[in-house]
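Worksheet for the structure shown next.
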Amino acid sequence: MKATVRLQREPFDAAAVTAELTRGRTDVGAVVTFAGICRGDERGEPIAALTLEYYPGMAEAEIERHVKEAATRWPLLGVTIVHRHGRIVPGEDIVLVVTASSHREAAFAAAEFLMDYLKTRAPFWKQVETTSGKTWVDATAADDVAAARWTARRPGREAAE
Amino acid sequence: MTTRLRYFAWVRERVGKPEEVIEAPAGVRTVGELMAWLASRGEEYAHAFENPNVIRAAIDQRHVRPDASIKEAGEIAFFPPMTGG
């Protein structure tokens, strides 16, 4: 399986990244892409920007571990993950997950699995910038619940493996 | 034994530095005990570690629980729950 993980400060072209994964191949029958985009508001308040801090080294390693895990669960032909860090303004992409498979079920499920894990396990932290200053975004219980459903399907696994 | 500590997001802001090298006392054996010891090192540490239940930790760039042993740790990181994606 072709796996690409890229962490970068610069904006990216989601369509170009997706095309890279499938160019010249005839085995791929399904591609799912998820793009996470910076909204212009946080809890009803307008924001100027998000700043993402991350743990260099661990972030790459943690994402790669989950890509490998996804490949053991579903018959994937390719995965590309691009995650930005630094300052991101509303309307810009933050993250892109692209999964490729022969059929749609695996591509859909793996993209959802990878996003749920990115949210709760990849060492990134968002800070919101508004006119009144900067505040760290709190983790949401909903994200933990979303990630936990994948663990529940494999009883006996440690959440903090 | 010396260990490199790294702090991220508001834990980093409260401690006032991104990283440091420490020598924990012999009685400090787990991540949880290390947090308790750090909290006793001064006002900024007490503030950073005032609620250890919300702080996550990694040893050598892998997530660990508070009961994890720090014996073999080269690098220990402390940070808030993650909010990427």
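Every chain in the structure tokens takes a letter, A first, then B, and so on in the order presented; its residues are numbered from 1, and the ligands are numbered from 1 following the presented order.
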Give me the residues of chain B that have any atom at most 12 Å from an atom of segment 90-103 of chain A; for each, the nearest atom pair and the distance in Å, rounded to one decimal. Use only C-alpha atoms, sort by chain and number, and format it as a tab-separated table.
residue	atom	partner	partner_atom	distance
B:Thr83	CA	A:Ile94	CA	12.0
B:Gly84	CA	A:Val95	CA	8.7
B:Gly85	CA	A:Val95	CA	5.9
Check: Excluding same-chain residues fewer than 3 positions from segment 61-73 of chain A, what lies within 10 Å of it counting only C-alpha atoms, as an MDAnalysis selection string?
Finding: (chainID A and resid 1 3:6 56:58 76:81 83 99 106 109:111 113:115 117:118 121:123) or (chainID B and resid 61:63)
Enumerate the residues of chain B with a DSSP assignment of strand (DSSP E), computed from the backbone, and present them as a short mmCIF file (atom, residue, chain, number, x, y, z; two decimals) with N, CA and C atoms, in the first residue's frame.
data_model
loop_
_atom_site.label_atom_id
_atom_site.label_comp_id
_atom_site.auth_asym_id
_atom_site.auth_seq_id
_atom_site.Cartn_x
_atom_site.Cartn_y
_atom_site.Cartn_z
N THR B 2 19.19 11.31 34.12
CA THR B 2 18.58 12.54 33.60
C THR B 2 17.58 12.20 32.49
N THR B 3 16.54 13.00 32.44
CA THR B 3 15.48 12.81 31.46
C THR B 3 15.16 14.14 30.82
N ARG B 4 14.89 14.10 29.52
CA ARG B 4 14.50 15.31 28.82
C ARG B 4 12.97 15.43 28.88
N LEU B 5 12.51 16.56 29.35
CA LEU B 5 11.07 16.80 29.39
C LEU B 5 10.69 17.80 28.31
N ARG B 6 9.53 17.56 27.71
CA ARG B 6 9.02 18.50 26.71
C ARG B 6 7.58 18.86 27.06
N TYR B 7 7.25 20.12 26.84
CA TYR B 7 5.90 20.59 27.17
C TYR B 7 5.28 21.21 25.93
N GLU B 19 11.09 22.94 26.88
CA GLU B 19 11.75 21.70 27.29
C GLU B 19 12.83 21.97 28.32
N GLU B 20 13.24 20.90 28.99
CA GLU B 20 14.30 21.00 29.98
C GLU B 20 14.82 19.60 30.28
N VAL B 21 15.98 19.55 30.90
CA VAL B 21 16.54 18.26 31.32
C VAL B 21 16.48 18.24 32.84
N ILE B 22 15.91 17.17 33.39
CA ILE B 22 15.75 17.10 34.85
C ILE B 22 16.38 15.81 35.38
N GLU B 23 16.58 15.81 36.67
CA GLU B 23 17.00 14.58 37.35
C GLU B 23 15.97 14.36 38.46
N ARG B 56 -2.02 14.79 29.38
CA ARG B 56 -1.61 13.55 28.71
C ARG B 56 -0.08 13.49 28.67
N ALA B 57 0.43 12.28 28.55
CA ALA B 57 1.88 12.13 28.54
C ALA B 57 2.32 11.17 27.44
N ALA B 58 3.54 11.35 27.00
CA ALA B 58 4.15 10.42 26.04
C ALA B 58 5.57 10.14 26.49
N ILE B 59 5.98 8.89 26.37
CA ILE B 59 7.37 8.52 26.63
C ILE B 59 7.98 8.11 25.30
N ARG B 62 5.52 8.03 22.38
CA ARG B 62 4.34 7.16 22.37
C ARG B 62 3.47 7.51 23.56
N HIS B 63 2.14 7.53 23.32
CA HIS B 63 1.22 7.82 24.42
C HIS B 63 1.37 6.80 25.54
N VAL B 64 1.32 7.29 26.78
CA VAL B 64 1.36 6.38 27.93
C VAL B 64 0.34 6.83 28.97
N GLU B 75 12.89 10.61 26.72
CA GLU B 75 12.16 11.86 26.57
C GLU B 75 10.72 11.67 27.03
N ILE B 76 10.27 12.54 27.92
CA ILE B 76 8.89 12.48 28.39
C ILE B 76 8.22 13.80 28.05
N ALA B 77 7.04 13.70 27.43
CA ALA B 77 6.32 14.92 27.05
C ALA B 77 5.00 15.01 27.80
N PHE B 78 4.64 16.24 28.15
CA PHE B 78 3.35 16.50 28.80
C PHE B 78 2.58 17.52 27.98
N PHE B 79 1.29 17.25 27.80
CA PHE B 79 0.47 18.14 26.97
C PHE B 79 -1.01 17.97 27.27
#
Next item on the list: Would you kindly return, as a list in words, each protein, DNA or RNA residue with an atom no farther than 10 Å from any atom of segment 10-16 of chain B, considering only C-alpha atoms and excluding same-chain residues fewer than 3 positions away?
Entry: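 In the requested form, the answer reads Trp125, Gln127, Thr135 and Trp136 of chain A; Arg6, Tyr7, Glu19, Leu38, Ala39, Gly42, Glu43, Glu44, Tyr45, Ala46, His47, Ala48, Phe49, Ile55, Ala77, Phe78, Phe79 and Pro80 of chain B.
Separating atom CA of Arg65 of chain B from atom CA of Val31 of chain B is a distance of 7.4 Å.
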Check: If you measure from atom CA of Thr120 of chain A to atom CA of Met82 of chain B, what distance in Å do you get, rounded to one decimal?
Finding: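 Atom CA of Thr120 of chain A sits 5.5 Å away from atom CA of Met82 of chain B.
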Check: Which is closer to chain A than all the others in B:Pro52, B:Pro66, B:Gly74, B:Gly32, using only C-alpha atoms?
Finding: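 Closest to chain A of all the choices is B:Pro66.
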Checklist line | Point-to-point distance in Å for atom CA of Gln8 of chain A and atom CA of Ala73 of chain B | finding: 28.3 Å
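Compared by their closest atoms to chain A, and using only C-alpha atoms, the residues B:Pro25, B:Thr30, B:Ile70, B:Val54 rank with B:Val54 nearest.
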